[in-house]
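Asks: My structure is in structure.cif, and what it holds is mmCIF, C-alpha atoms and all ligand atoms:
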data_data
loop_
_atom_site.group_PDB
_atom_site.id
_atom_site.type_symbol
_atom_site.label_atom_id
_atom_site.label_comp_id
_atom_site.auth_asym_id
_atom_site.auth_seq_id
_atom_site.Cartn_x
_atom_site.Cartn_y
_atom_site.Cartn_z
ATOM 1 C CA MET A 1060 4.722 -43.109 -6.006
ATOM 2 C CA THR A 1061 7.756 -41.604 -7.771
ATOM 3 C CA ALA A 1062 8.527 -37.874 -7.446
ATOM 4 C CA ALA A 1063 7.911 -35.728 -10.519
ATOM 5 C CA PRO A 1064 11.105 -35.065 -12.490
ATOM 6 C CA PRO A 1065 12.635 -31.635 -11.814
ATOM 7 C CA ILE A 1066 11.827 -28.850 -14.195
ATOM 8 C CA PRO A 1067 13.949 -28.846 -17.422
ATOM 9 C CA THR A 1068 16.949 -26.484 -17.209
ATOM 10 C CA PRO A 1069 15.788 -23.923 -19.837
ATOM 11 C CA ASP A 1070 12.424 -23.651 -18.042
ATOM 12 C CA PHE A 1071 14.151 -23.339 -14.658
ATOM 13 C CA ASP A 1072 16.376 -20.574 -16.049
ATOM 14 C CA LEU A 1073 13.349 -18.689 -17.350
ATOM 15 C CA ILE A 1074 11.551 -18.962 -13.986
ATOM 16 C CA ARG A 1075 14.729 -17.925 -12.211
ATOM 17 C CA SER A 1076 15.065 -14.763 -14.259
ATOM 18 C CA VAL A 1077 11.368 -13.860 -13.941
ATOM 19 C CA VAL A 1078 11.484 -14.336 -10.152
ATOM 20 C CA ARG A 1079 14.761 -12.446 -9.788
ATOM 21 C CA ALA A 1080 13.510 -9.510 -11.883
ATOM 22 C CA GLY A 1081 10.164 -9.385 -10.083
ATOM 23 C CA SER A 1082 11.272 -9.820 -6.476
ATOM 24 C CA GLY A 1083 15.057 -10.023 -6.092
ATOM 25 C CA ILE A 1084 14.650 -13.608 -4.866
ATOM 26 C CA VAL A 1085 17.577 -15.764 -5.982
ATOM 27 C CA LEU A 1086 16.683 -19.347 -6.830
ATOM 28 C CA GLU A 1087 19.850 -21.378 -6.359
ATOM 29 C CA ASP A 1088 20.804 -24.388 -8.459
ATOM 30 C CA GLY A 1089 19.163 -27.417 -6.942
ATOM 31 C CA LYS A 1090 15.820 -25.684 -6.352
ATOM 32 C CA GLY A 1091 14.345 -27.402 -9.411
ATOM 33 C CA TYR A 1092 12.081 -29.666 -7.372
ATOM 34 C CA LEU A 1093 10.770 -26.749 -5.318
ATOM 35 C CA VAL A 1094 10.071 -24.722 -8.465
ATOM 36 C CA GLN A 1095 8.366 -27.706 -10.071
ATOM 37 C CA ALA A 1096 6.127 -28.302 -7.033
ATOM 38 C CA ARG A 1097 5.126 -24.631 -6.678
ATOM 39 C CA LEU A 1098 4.454 -24.221 -10.401
ATOM 40 C CA ASP A 1099 2.445 -27.447 -10.531
ATOM 41 C CA ALA A 1100 0.199 -26.000 -7.843
ATOM 42 C CA LEU A 1101 -0.075 -22.653 -9.691
ATOM 43 C CA ALA A 1102 -0.801 -24.380 -13.029
ATOM 44 C CA ARG A 1103 -3.616 -26.358 -11.371
ATOM 45 C CA ARG A 1104 -5.054 -23.193 -9.799
ATOM 46 C CA LEU A 1105 -5.017 -21.415 -13.157
ATOM 47 C CA GLY A 1106 -6.658 -24.373 -14.875
ATOM 48 C CA LEU A 1107 -3.608 -25.039 -17.057
ATOM 49 C CA GLY A 1108 -2.752 -28.636 -17.861
ATOM 50 C CA ALA A 1109 0.811 -28.844 -16.614
ATOM 51 C CA THR A 1110 3.794 -26.751 -15.648
ATOM 52 C CA ALA A 1111 5.162 -27.018 -19.210
ATOM 53 C CA GLU A 1112 2.001 -25.263 -20.413
ATOM 54 C CA LEU A 1113 2.430 -22.545 -17.790
ATOM 55 C CA VAL A 1114 6.048 -22.023 -18.846
ATOM 56 C CA ALA A 1115 4.995 -21.782 -22.502
ATOM 57 C CA GLU A 1116 2.421 -19.121 -21.551
ATOM 58 C CA LEU A 1117 5.106 -17.302 -19.601
ATOM 59 C CA ARG A 1118 7.423 -17.255 -22.635
ATOM 60 C CA ARG A 1119 4.657 -15.540 -24.619
ATOM 61 C CA ALA A 1120 3.816 -13.111 -21.773
ATOM 62 C CA GLY A 1121 4.862 -9.469 -21.966
ATOM 63 C CA PRO A 1122 6.835 -7.809 -19.157
ATOM 64 C CA ARG A 1123 3.680 -6.478 -17.483
ATOM 65 C CA ASP A 1124 1.676 -9.681 -17.848
ATOM 66 C CA GLN A 1125 -0.228 -10.774 -14.734
ATOM 67 C CA LEU A 1126 1.192 -14.284 -15.065
ATOM 68 C CA ARG A 1127 4.699 -13.045 -14.269
ATOM 69 C CA GLY A 1128 3.428 -11.631 -10.985
ATOM 70 C CA GLN A 1129 1.615 -14.874 -10.205
ATOM 71 C CA VAL A 1130 4.792 -16.882 -10.809
ATOM 72 C CA VAL A 1131 6.774 -14.532 -8.560
ATOM 73 C CA GLU A 1132 4.171 -14.795 -5.785
ATOM 74 C CA ALA A 1133 4.114 -18.574 -6.107
ATOM 75 C CA MET A 1134 7.849 -18.657 -5.488
ATOM 76 C CA THR A 1135 7.784 -16.576 -2.294
ATOM 77 C CA THR A 1136 8.155 -18.370 1.027
ATOM 78 C CA ASN A 1137 5.563 -17.063 3.455
ATOM 79 C CA GLU A 1138 6.635 -18.975 6.551
ATOM 80 C CA THR A 1139 5.832 -16.944 9.679
ATOM 81 C CA SER A 1140 4.379 -17.282 13.173
ATOM 82 C CA PHE A 1141 3.171 -15.255 16.142
ATOM 83 C CA PHE A 1142 6.008 -14.112 18.458
ATOM 84 C CA ARG A 1143 8.483 -15.699 16.036
ATOM 85 C CA ASP A 1144 11.816 -16.333 17.815
ATOM 86 C CA ILE A 1145 10.334 -14.687 20.968
ATOM 87 C CA HIS A 1146 13.544 -12.823 22.035
ATOM 88 C CA PRO A 1147 13.064 -9.856 19.645
ATOM 89 C CA PHE A 1148 9.634 -9.276 21.188
ATOM 90 C CA ASP A 1149 11.104 -9.447 24.709
ATOM 91 C CA ALA A 1150 13.687 -6.856 23.601
ATOM 92 C CA LEU A 1151 10.936 -4.672 22.166
ATOM 93 C CA ARG A 1152 8.825 -4.900 25.312
ATOM 94 C CA THR A 1153 11.585 -4.360 27.865
ATOM 95 C CA VAL A 1154 13.997 -1.952 26.157
ATOM 96 C CA VAL A 1155 13.265 -0.747 22.646
ATOM 97 C CA LEU A 1156 9.649 0.402 22.924
ATOM 98 C CA PRO A 1157 10.204 2.077 26.336
ATOM 99 C CA ASP A 1158 13.219 3.878 24.823
ATOM 100 C CA LEU A 1159 11.268 4.996 21.747
ATOM 101 C CA ILE A 1160 8.331 6.116 23.874
ATOM 102 C CA ALA A 1161 10.706 8.217 25.989
ATOM 103 C CA ARG A 1162 12.349 9.689 22.865
ATOM 104 C CA ARG A 1163 9.012 10.560 21.255
ATOM 105 C CA ALA A 1164 7.308 11.832 24.415
ATOM 106 C CA LYS A 1165 7.032 15.378 23.016
ATOM 107 C CA GLU A 1166 5.661 14.521 19.592
ATOM 108 C CA LYS A 1167 3.460 11.663 20.857
ATOM 109 C CA ALA A 1168 3.797 9.773 17.584
ATOM 110 C CA LEU A 1169 5.206 6.341 16.867
ATOM 111 C CA ARG A 1170 5.663 4.795 13.423
ATOM 112 C CA ILE A 1171 6.362 1.118 12.957
ATOM 113 C CA TRP A 1172 7.016 -0.509 9.585
ATOM 114 C CA CYS A 1173 6.883 -4.220 9.142
ATOM 115 C CA GLY A 1174 8.381 -4.928 5.695
ATOM 116 C CA ALA A 1175 7.711 -8.447 4.328
ATOM 117 C CA ALA A 1176 4.863 -9.041 6.785
ATOM 118 C CA SER A 1177 3.512 -12.197 5.135
ATOM 119 C CA THR A 1178 0.117 -13.325 6.524
ATOM 120 C CA GLY A 1179 0.137 -10.844 9.398
ATOM 121 C CA GLN A 1180 1.382 -12.772 12.424
ATOM 122 C CA GLU A 1181 4.369 -10.441 12.883
ATOM 123 C CA PRO A 1182 2.522 -7.082 12.742
ATOM 124 C CA TYR A 1183 -0.334 -8.484 14.828
ATOM 125 C CA THR A 1184 2.186 -9.677 17.422
ATOM 126 C CA LEU A 1185 3.466 -6.098 17.592
ATOM 127 C CA ALA A 1186 -0.090 -4.774 17.848
ATOM 128 C CA LEU A 1187 -0.771 -7.187 20.727
ATOM 129 C CA VAL A 1188 2.446 -6.192 22.526
ATOM 130 C CA LEU A 1189 1.468 -2.520 22.222
ATOM 131 C CA LYS A 1190 -2.050 -3.213 23.472
ATOM 132 C CA GLU A 1191 -1.030 -5.453 26.348
ATOM 133 C CA HIS A 1192 1.960 -3.505 27.659
ATOM 134 C CA PHE A 1193 1.815 0.094 26.445
ATOM 135 C CA ALA A 1194 -1.873 1.002 26.135
ATOM 136 C CA THR A 1195 -1.768 3.461 29.035
ATOM 137 C CA GLN A 1196 1.503 5.123 28.017
ATOM 138 C CA LEU A 1197 0.377 5.443 24.409
ATOM 139 C CA ALA A 1198 -3.135 6.736 25.137
ATOM 140 C CA GLY A 1199 -3.674 9.830 22.977
ATOM 141 C CA TRP A 1200 -0.617 9.059 20.811
ATOM 142 C CA ASP A 1201 -0.674 8.787 17.049
ATOM 143 C CA VAL A 1202 0.598 5.216 16.622
ATOM 144 C CA ARG A 1203 0.842 3.817 13.083
ATOM 145 C CA LEU A 1204 1.697 0.249 12.329
ATOM 146 C CA THR A 1205 2.197 -0.262 8.605
ATOM 147 C CA ALA A 1206 2.740 -3.749 7.244
ATOM 148 C CA THR A 1207 3.814 -4.399 3.670
ATOM 149 C CA ASP A 1208 4.592 -7.349 1.434
ATOM 150 C CA LEU A 1209 5.096 -8.057 -2.235
ATOM 151 C CA SER A 1210 2.372 -10.693 -2.328
ATOM 152 C CA ALA A 1211 -1.230 -9.529 -2.739
ATOM 153 C CA GLU A 1212 -2.414 -12.961 -1.632
ATOM 154 C CA VAL A 1213 -0.713 -12.872 1.780
ATOM 155 C CA LEU A 1214 -1.795 -9.252 2.284
ATOM 156 C CA ASP A 1215 -5.432 -10.266 1.731
ATOM 157 C CA ARG A 1216 -5.063 -13.059 4.260
ATOM 158 C CA ALA A 1217 -3.379 -10.710 6.734
ATOM 159 C CA ARG A 1218 -6.111 -8.078 6.378
ATOM 160 C CA ALA A 1219 -8.768 -10.702 7.114
ATOM 161 C CA GLY A 1220 -7.134 -11.470 10.479
ATOM 162 C CA ARG A 1221 -8.302 -15.105 10.362
ATOM 163 C CA PHE A 1222 -5.992 -17.886 11.450
ATOM 164 C CA THR A 1223 -6.171 -21.668 11.558
ATOM 165 C CA GLN A 1224 -5.776 -23.682 14.746
ATOM 166 C CA LEU A 1225 -2.299 -24.667 13.589
ATOM 167 C CA GLU A 1226 -1.334 -21.018 13.094
ATOM 168 C CA VAL A 1227 -2.514 -19.904 16.528
ATOM 169 C CA ASN A 1228 -0.822 -22.942 18.101
ATOM 170 C CA ARG A 1229 2.492 -21.635 16.806
ATOM 171 C CA GLY A 1230 3.700 -19.052 19.305
ATOM 172 C CA LEU A 1231 0.509 -17.317 20.412
ATOM 173 C CA PRO A 1232 0.127 -17.530 24.218
ATOM 174 C CA VAL A 1233 -3.233 -19.032 25.130
ATOM 175 C CA GLY A 1234 -4.061 -16.012 27.314
ATOM 176 C CA LEU A 1235 -3.839 -13.735 24.264
ATOM 177 C CA LEU A 1236 -5.802 -16.199 22.145
ATOM 178 C CA VAL A 1237 -8.788 -16.208 24.483
ATOM 179 C CA LYS A 1238 -8.588 -12.467 25.108
ATOM 180 C CA TYR A 1239 -8.302 -11.211 21.523
ATOM 181 C CA PHE A 1240 -9.638 -13.960 19.216
ATOM 182 C CA THR A 1241 -13.027 -15.549 18.701
ATOM 183 C CA ARG A 1242 -13.648 -18.893 17.111
ATOM 184 C CA ASP A 1243 -15.476 -19.086 13.791
ATOM 185 C CA GLY A 1244 -15.768 -22.653 12.569
ATOM 186 C CA SER A 1245 -12.253 -23.987 12.154
ATOM 187 C CA GLU A 1246 -10.678 -20.525 12.303
ATOM 188 C CA TRP A 1247 -9.787 -17.944 14.930
ATOM 189 C CA VAL A 1248 -10.713 -14.340 14.153
ATOM 190 C CA LEU A 1249 -8.696 -11.467 15.597
ATOM 191 C CA ALA A 1250 -10.694 -8.748 17.369
ATOM 192 C CA ASP A 1251 -11.427 -5.766 15.123
ATOM 193 C CA ALA A 1252 -9.935 -3.389 17.693
ATOM 194 C CA VAL A 1253 -6.525 -5.014 17.123
ATOM 195 C CA ARG A 1254 -6.934 -5.828 13.442
ATOM 196 C CA ARG A 1255 -7.711 -2.208 12.613
ATOM 197 C CA THR A 1256 -4.471 -0.976 14.176
ATOM 198 C CA VAL A 1257 -2.437 -2.484 11.317
ATOM 199 C CA GLU A 1258 -2.541 -0.936 7.859
ATOM 200 C CA TYR A 1259 -1.550 -3.330 5.058
ATOM 201 C CA ARG A 1260 -0.067 -2.066 1.808
ATOM 202 C CA PRO A 1261 1.695 -3.676 -1.151
ATOM 203 C CA LEU A 1262 5.389 -2.830 -1.341
ATOM 204 C CA ASN A 1263 8.033 -4.589 -3.396
ATOM 205 C CA LEU A 1264 11.397 -4.057 -1.705
ATOM 206 C CA VAL A 1265 13.268 -4.175 -5.026
ATOM 207 C CA GLU A 1266 11.110 -1.492 -6.670
ATOM 208 C CA ALA A 1267 10.777 2.205 -5.819
ATOM 209 C CA TRP A 1268 9.219 2.507 -2.356
ATOM 210 C CA PRO A 1269 6.134 4.681 -1.971
ATOM 211 C CA ALA A 1270 6.466 7.651 0.359
ATOM 212 C CA MET A 1271 6.017 6.667 3.975
ATOM 213 C CA PRO A 1272 6.241 8.537 7.250
ATOM 214 C CA PRO A 1273 9.758 7.857 8.633
ATOM 215 C CA PRO A 1274 9.524 4.766 10.844
ATOM 216 C CA ASP A 1275 10.928 4.712 14.372
ATOM 217 C CA LEU A 1276 11.055 0.936 14.266
ATOM 218 C CA VAL A 1277 11.576 -1.281 11.220
ATOM 219 C CA MET A 1278 10.958 -5.013 11.297
ATOM 220 C CA MET A 1279 12.516 -6.521 8.177
ATOM 221 C CA ARG A 1280 12.773 -10.122 9.244
ATOM 222 C CA ASN A 1281 13.468 -13.241 7.257
ATOM 223 C CA VAL A 1282 13.398 -11.684 3.821
ATOM 224 C CA LEU A 1283 16.982 -10.499 3.159
ATOM 225 C CA ILE A 1284 18.048 -14.172 3.166
ATOM 226 C CA TYR A 1285 16.443 -14.581 -0.255
ATOM 227 C CA PHE A 1286 18.468 -11.801 -1.909
ATOM 228 C CA ASP A 1287 22.000 -11.453 -3.274
ATOM 229 C CA LEU A 1288 24.524 -9.072 -1.704
ATOM 230 C CA PRO A 1289 23.897 -6.002 -3.933
ATOM 231 C CA THR A 1290 20.140 -6.336 -3.365
ATOM 232 C CA LYS A 1291 20.619 -6.597 0.419
ATOM 233 C CA GLN A 1292 22.869 -3.525 0.285
ATOM 234 C CA LYS A 1293 20.329 -1.562 -1.692
ATOM 235 C CA ILE A 1294 17.482 -2.474 0.649
ATOM 236 C CA LEU A 1295 19.465 -1.691 3.811
ATOM 237 C CA ALA A 1296 20.510 1.659 2.324
ATOM 238 C CA GLY A 1297 16.811 2.277 1.606
ATOM 239 C CA VAL A 1298 15.933 1.435 5.209
ATOM 240 C CA ARG A 1299 18.564 3.910 6.442
ATOM 241 C CA ARG A 1300 17.148 6.564 4.156
ATOM 242 C CA VAL A 1301 13.558 6.197 5.353
ATOM 243 C CA MET A 1302 13.961 5.434 9.058
ATOM 244 C CA ARG A 1303 14.417 7.999 11.812
ATOM 245 C CA PRO A 1304 18.137 8.455 12.552
ATOM 246 C CA ASP A 1305 17.710 7.160 16.112
ATOM 247 C CA GLY A 1306 15.339 4.350 15.117
ATOM 248 C CA TYR A 1307 15.743 0.610 15.494
ATOM 249 C CA LEU A 1308 15.927 -2.162 12.904
ATOM 250 C CA PHE A 1309 15.244 -5.835 13.590
ATOM 251 C CA LEU A 1310 16.298 -8.538 11.140
ATOM 252 C CA GLY A 1311 15.685 -12.291 11.176
ATOM 253 C CA GLY A 1312 17.793 -14.567 13.372
ATOM 254 C CA SER A 1313 20.042 -15.658 10.481
ATOM 255 C CA GLU A 1314 20.344 -12.175 8.989
ATOM 256 C CA THR A 1315 22.747 -9.352 9.753
ATOM 257 C CA THR A 1316 23.966 -6.014 8.438
ATOM 258 C CA MET A 1317 27.568 -7.069 9.188
ATOM 259 C CA ASN A 1318 29.773 -7.022 6.078
ATOM 260 C CA ILE A 1319 26.793 -5.684 4.134
ATOM 261 C CA ASP A 1320 26.159 -2.181 5.418
ATOM 262 C CA PRO A 1321 28.823 -0.722 7.736
ATOM 263 C CA GLN A 1322 26.606 2.251 8.522
ATOM 264 C CA PHE A 1323 24.480 0.051 10.741
ATOM 265 C CA ALA A 1324 25.821 -0.899 14.153
ATOM 266 C CA ARG A 1325 24.829 -4.148 15.830
ATOM 267 C CA GLN A 1326 23.422 -3.795 19.308
ATOM 268 C CA GLU A 1327 22.602 -6.645 21.675
ATOM 269 C CA VAL A 1328 19.415 -6.207 23.662
ATOM 270 C CA GLY A 1329 18.859 -9.023 26.130
ATOM 271 C CA ARG A 1330 19.000 -12.234 24.115
ATOM 272 C CA SER A 1331 18.212 -10.453 20.870
ATOM 273 C CA VAL A 1332 20.052 -8.236 18.423
ATOM 274 C CA CYS A 1333 18.953 -5.059 16.717
ATOM 275 C CA TYR A 1334 20.651 -2.589 14.386
ATOM 276 C CA ARG A 1335 20.934 1.161 14.616
ATOM 277 C CA GLN A 1336 22.496 3.778 12.421
ATOM 278 C CA ALA A 1337 26.062 3.950 13.680
ATOM 279 C CA ALA A 1338 25.749 7.553 14.934
ATOM 280 C CA ALA A 1339 22.692 6.702 17.072
ATOM 281 C CA ALA A 1340 24.023 3.475 18.506
ATOM 282 C CA THR A 1341 24.621 4.634 22.039
ATOM 283 C CA PRO A 1342 23.873 1.854 24.533
ATOM 284 C CA PRO A 1343 20.157 1.714 25.295
ATOM 285 C CA PRO A 1344 19.165 2.959 28.760
ATOM 286 C CA LYS A 1345 19.332 0.363 31.542
ATOM 287 C CA ARG A 1346 15.861 -0.426 32.910
HETATM 288 C C1 LIG B 1 9.572 -15.834 5.290
HETATM 289 S S1 LIG B 1 8.391 -14.551 5.145
HETATM 290 C C2 LIG B 1 8.801 -13.582 6.581
HETATM 291 C C3 LIG B 1 7.573 -13.101 7.307
HETATM 292 C C4 LIG B 1 7.868 -12.353 8.610
HETATM 293 N N1 LIG B 1 8.654 -11.170 8.380
HETATM 294 C C5 LIG B 1 8.535 -13.255 9.614
HETATM 295 O O1 LIG B 1 9.735 -13.093 9.849
HETATM 296 O O2 LIG B 1 7.877 -14.130 10.168
HETATM 297 C C6 LIG B 1 9.080 -13.635 3.788
HETATM 298 C C7 LIG B 1 8.097 -12.677 3.139
HETATM 299 O O3 LIG B 1 8.844 -11.827 2.283
HETATM 300 C C8 LIG B 1 8.031 -11.499 1.181
HETATM 301 N N2 LIG B 1 8.903 -11.009 0.088
HETATM 302 C C9 LIG B 1 9.760 -11.709 -0.688
HETATM 303 N N3 LIG B 1 10.356 -10.911 -1.581
HETATM 304 C C10 LIG B 1 9.869 -9.668 -1.350
HETATM 305 C C11 LIG B 1 10.099 -8.398 -1.959
HETATM 306 N N4 LIG B 1 10.936 -8.237 -2.985
HETATM 307 N N5 LIG B 1 9.417 -7.330 -1.477
HETATM 308 C C12 LIG B 1 8.560 -7.464 -0.441
HETATM 309 N N6 LIG B 1 8.294 -8.639 0.166
HETATM 310 C C13 LIG B 1 8.947 -9.725 -0.284
HETATM 311 C C14 LIG B 1 7.301 -12.791 0.866
HETATM 312 O O4 LIG B 1 6.122 -12.562 0.126
HETATM 313 C C15 LIG B 1 7.055 -13.353 2.269
HETATM 314 O O5 LIG B 1 5.770 -13.043 2.720
#
If you took the structure in this file and wrote it as structure tokens, what would it be?
Ligand SMILES: C[S@@+](CC[C@H](N)C(=O)[O-])C[C@H]1O[C@@H](n2cnc3c(N)ncnc32)[C@H](O)[C@@H]1O
Replies:
Amino acid sequence: MTAAPPIPTPDFDLIRSVVRAGSGIVLEDGKGYLVQARLDALARRLGLGATAELVAELRRAGPRDQLRGQVVEAMTTNETSFFRDIHPFDALRTVVLPDLIARRAKEKALRIWCGAASTGQEPYTLALVLKEHFATQLAGWDVRLTATDLSAEVLDRARAGRFTQLEVNRGLPVGLLVKYFTRDGSEWVLADAVRRTVEYRPLNLVEAWPAMPPPDLVMMRNVLIYFDLPTKQKILAGVRRVMRPDGYLFLGGSETTMNIDPQFARQEVGRSVCYRQAAAATPPPKR
């Protein structure tokens, strides 16, 4: 079988500009095959004959047309897993969460924001860490775990808390699987008591952000990689504006604030790295 030809350049340019305007995601030259494959799948789902037909519809669509949003969503990469990269969660468990709990002991409130949460594995990992390791310390606290994403489709999947065998095989320790999930046919369903601790909301990082209680901890992992420098700068400045001055930010393993936002300071915690507003970046307490 021969691969489908890549999308024609004028069509690629149109998709590129729609995706950039709707999400900040930059589609580099050479992504023609990826765009073609994703749009083929979307065209089939929408009952359109071929990608060319979808592109023609898109040319006719107004700026608020639903199809633009569907094209943007189709071009997002939703790759994620439980305990992704493991070290950030070790850092959270051993240093960052104990430090935040000590800092917030008087107010007894903890706010966590997981931006770009995809299908929920990342916020649910955090919920499981809190439940497994901090349930006693946080008893009676007002703990809010808010998870957001641009894509309505991944948010629906995340809210459902249902995962395939393949998804639970990726990173979820078997002890947590048997303790917090039940099997339903070919899927694993997360216990309501954990599922309910995460609130999912739509939030597009390149649009105005809705008001949110200032987070103590921001997880913004594996999303900045898709943006250009000015967009990264704008989003990091937004994170600084909303987060508590002594809060913590975690980025993905290939992401950094270095040379992007000098007001964040890099801090190593065990085998992981987090970022703090420069003024707050005193070494974390030794434990
Ligand atoms: C690769 S996933 C990362 C998921 C998770 N944070 C992790 O590290 O495993 C990237 C997510 O970013 C979301 N995304 C892309 N552009 C976005 C934007 N402008 N605003 C909000 N979310 C966005 C995508 O929908 C996707 O779910």
Asks: Can you list what the PyMOL selection byres (((chain A and resi 1177-1179) around 12) and not hetatm) grabs from this structure, as a ChimeraX atom specification?
Replies: /A:1132,1135-1143,1173-1176,1180-1187,1204-1223,1226-1227,1249,1253-1254,1256-1262,1279-1282
Asks: Between A:Leu1276, A:Pro1067, A:Asp1320, A:Leu1310, which is the closest to Val1155 of chain A once you count all atoms listed in the file?
Replies: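 Ranking A:Leu1276, A:Pro1067, A:Asp1320, A:Leu1310 by distance to Val1155 of chain A, first place goes to A:Leu1276.
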Asks: Draw an axis-aligned box over all listed atoms of ligand LIG 1 (chain B), pad each side with 5 Å, and write its centre and edge lengths in Å, one decimal, as JSON.
Replies:
{"center_x": 8.4, "center_y": -11.6, "center_z": 3.6, "size_x": 15.2, "size_y": 18.5, "size_z": 23.2}
Asks: Run through the PyMOL selection byres (((chain A and resi 1167-1172) around 8) and not hetatm) on the given coordinates and return the selected residues as a PyMOL selection string.
Replies: chain A and resi 1159-1160+1163-1166+1173-1174+1197+1199-1207+1272-1278
Asks: Kindly resolve the PyMOL selection byres (((chain A and resi 1116) around 12) and not hetatm) on the present coordinates and return the residues as a PyMOL selection string.
Replies: chain A and resi 1070+1073-1074+1102+1105+1107-1115+1117-1121+1124-1127+1130
Asks: To one decimal in Å, tell me the separation between atom CA of Arg1300 of chain A and atom CA of Met1134 of chain A.
Replies: 28.6 Å
Asks: Between A:Ala1096, A:Ala1194, A:Val1085, A:Leu1264, which one has atoms that come closest to ligand LIG 1 (chain B), using only C-alpha atoms and all ligand atoms?
Replies: A:Leu1264
Asks: Could you check which of A:Phe1071, A:Phe1193, A:Trp1268, A:Tyr1239 is closest to Ala1252 of chain A, using all atoms listed in the file?
Replies: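 Using all atoms listed in the file, Ala1252 of chain A sits closest to A:Tyr1239.
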Asks: Please determine, counting all atoms listed in the file, which residue among A:Met1317, A:Val1188, A:Ala1133, A:Leu1101 has the shortest atom-to-atom distance to Val1077 of chain A.
Replies: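 Looking only at the distances to Val1077 of chain A, the closest residue turns out to be A:Ala1133.
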Asks: Nearest to Val1237 of chain A: which of A:Ala1250, A:Met1271, A:Thr1315, A:Gln1129 is it, counting only C-alpha atoms?
Replies: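 Comparing A:Ala1250, A:Met1271, A:Thr1315, A:Gln1129 against Val1237 of chain A, the winner is A:Ala1250.
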Asks: Restricting the calculation to all atoms listed in the file: of A:Leu1086, A:Val1233, A:Ala1338, A:Val1328, which residue gets closest to Val1154 of chain A?
Replies: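 Residue with the minimum atom-to-atom distance to Val1154 of chain A: A:Val1328.
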Asks: Calculate how many Å separate atom CA of Lys1190 of chain A from atom CA of Asp1251 of chain A, rounding to one decimal.
Replies: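 Computing it gives 12.8 Å between the two atoms.
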Asks: State, in Å with one decimal place, the distance from atom CA of Lys1238 of chain A to atom CA of Gln1224 of chain A.
Replies: 15.5 Å
Asks: If we count all atoms listed in the file and set the cut-off at 8 Å, which residues sit around segment 1283-1290 of chain A, ignoring sequence neighbours fewer than 5 positions away in its own chain? Please answer as an MDAnalysis selection string.
Replies: chainID A and resid 1083:1085 1265 1313:1314 1319
Asks: Counting all atoms listed in the file, what is within 12 Å of Pro1157 of chain A, bar same-chain residues fewer than 4 positions away, as a PyMOL selection string?
Replies: chain A and resi 1149-1153+1161-1164+1169+1188-1189+1192-1193+1196-1197+1343-1346
Asks: Can I get the selected residues back with C-alpha atoms, as an mmCIF file, keeping the file's coordinate frame?
Replies:
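selection29.cif, freshly written:
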data_model
loop_
_atom_site.group_PDB
_atom_site.id
_atom_site.type_symbol
_atom_site.label_atom_id
_atom_site.label_comp_id
_atom_site.auth_asym_id
_atom_site.auth_seq_id
_atom_site.Cartn_x
_atom_site.Cartn_y
_atom_site.Cartn_z
ATOM 1 C CA ASP A 1149 11.104 -9.447 24.709
ATOM 2 C CA ALA A 1150 13.687 -6.856 23.601
ATOM 3 C CA LEU A 1151 10.936 -4.672 22.166
ATOM 4 C CA ARG A 1152 8.825 -4.900 25.312
ATOM 5 C CA THR A 1153 11.585 -4.360 27.865
ATOM 6 C CA ALA A 1161 10.706 8.217 25.989
ATOM 7 C CA ARG A 1162 12.349 9.689 22.865
ATOM 8 C CA ARG A 1163 9.012 10.560 21.255
ATOM 9 C CA ALA A 1164 7.308 11.832 24.415
ATOM 10 C CA LEU A 1169 5.206 6.341 16.867
ATOM 11 C CA VAL A 1188 2.446 -6.192 22.526
ATOM 12 C CA LEU A 1189 1.468 -2.520 22.222
ATOM 13 C CA HIS A 1192 1.960 -3.505 27.659
ATOM 14 C CA PHE A 1193 1.815 0.094 26.445
ATOM 15 C CA GLN A 1196 1.503 5.123 28.017
ATOM 16 C CA LEU A 1197 0.377 5.443 24.409
ATOM 17 C CA PRO A 1343 20.157 1.714 25.295
ATOM 18 C CA PRO A 1344 19.165 2.959 28.760
ATOM 19 C CA LYS A 1345 19.332 0.363 31.542
ATOM 20 C CA ARG A 1346 15.861 -0.426 32.910
#
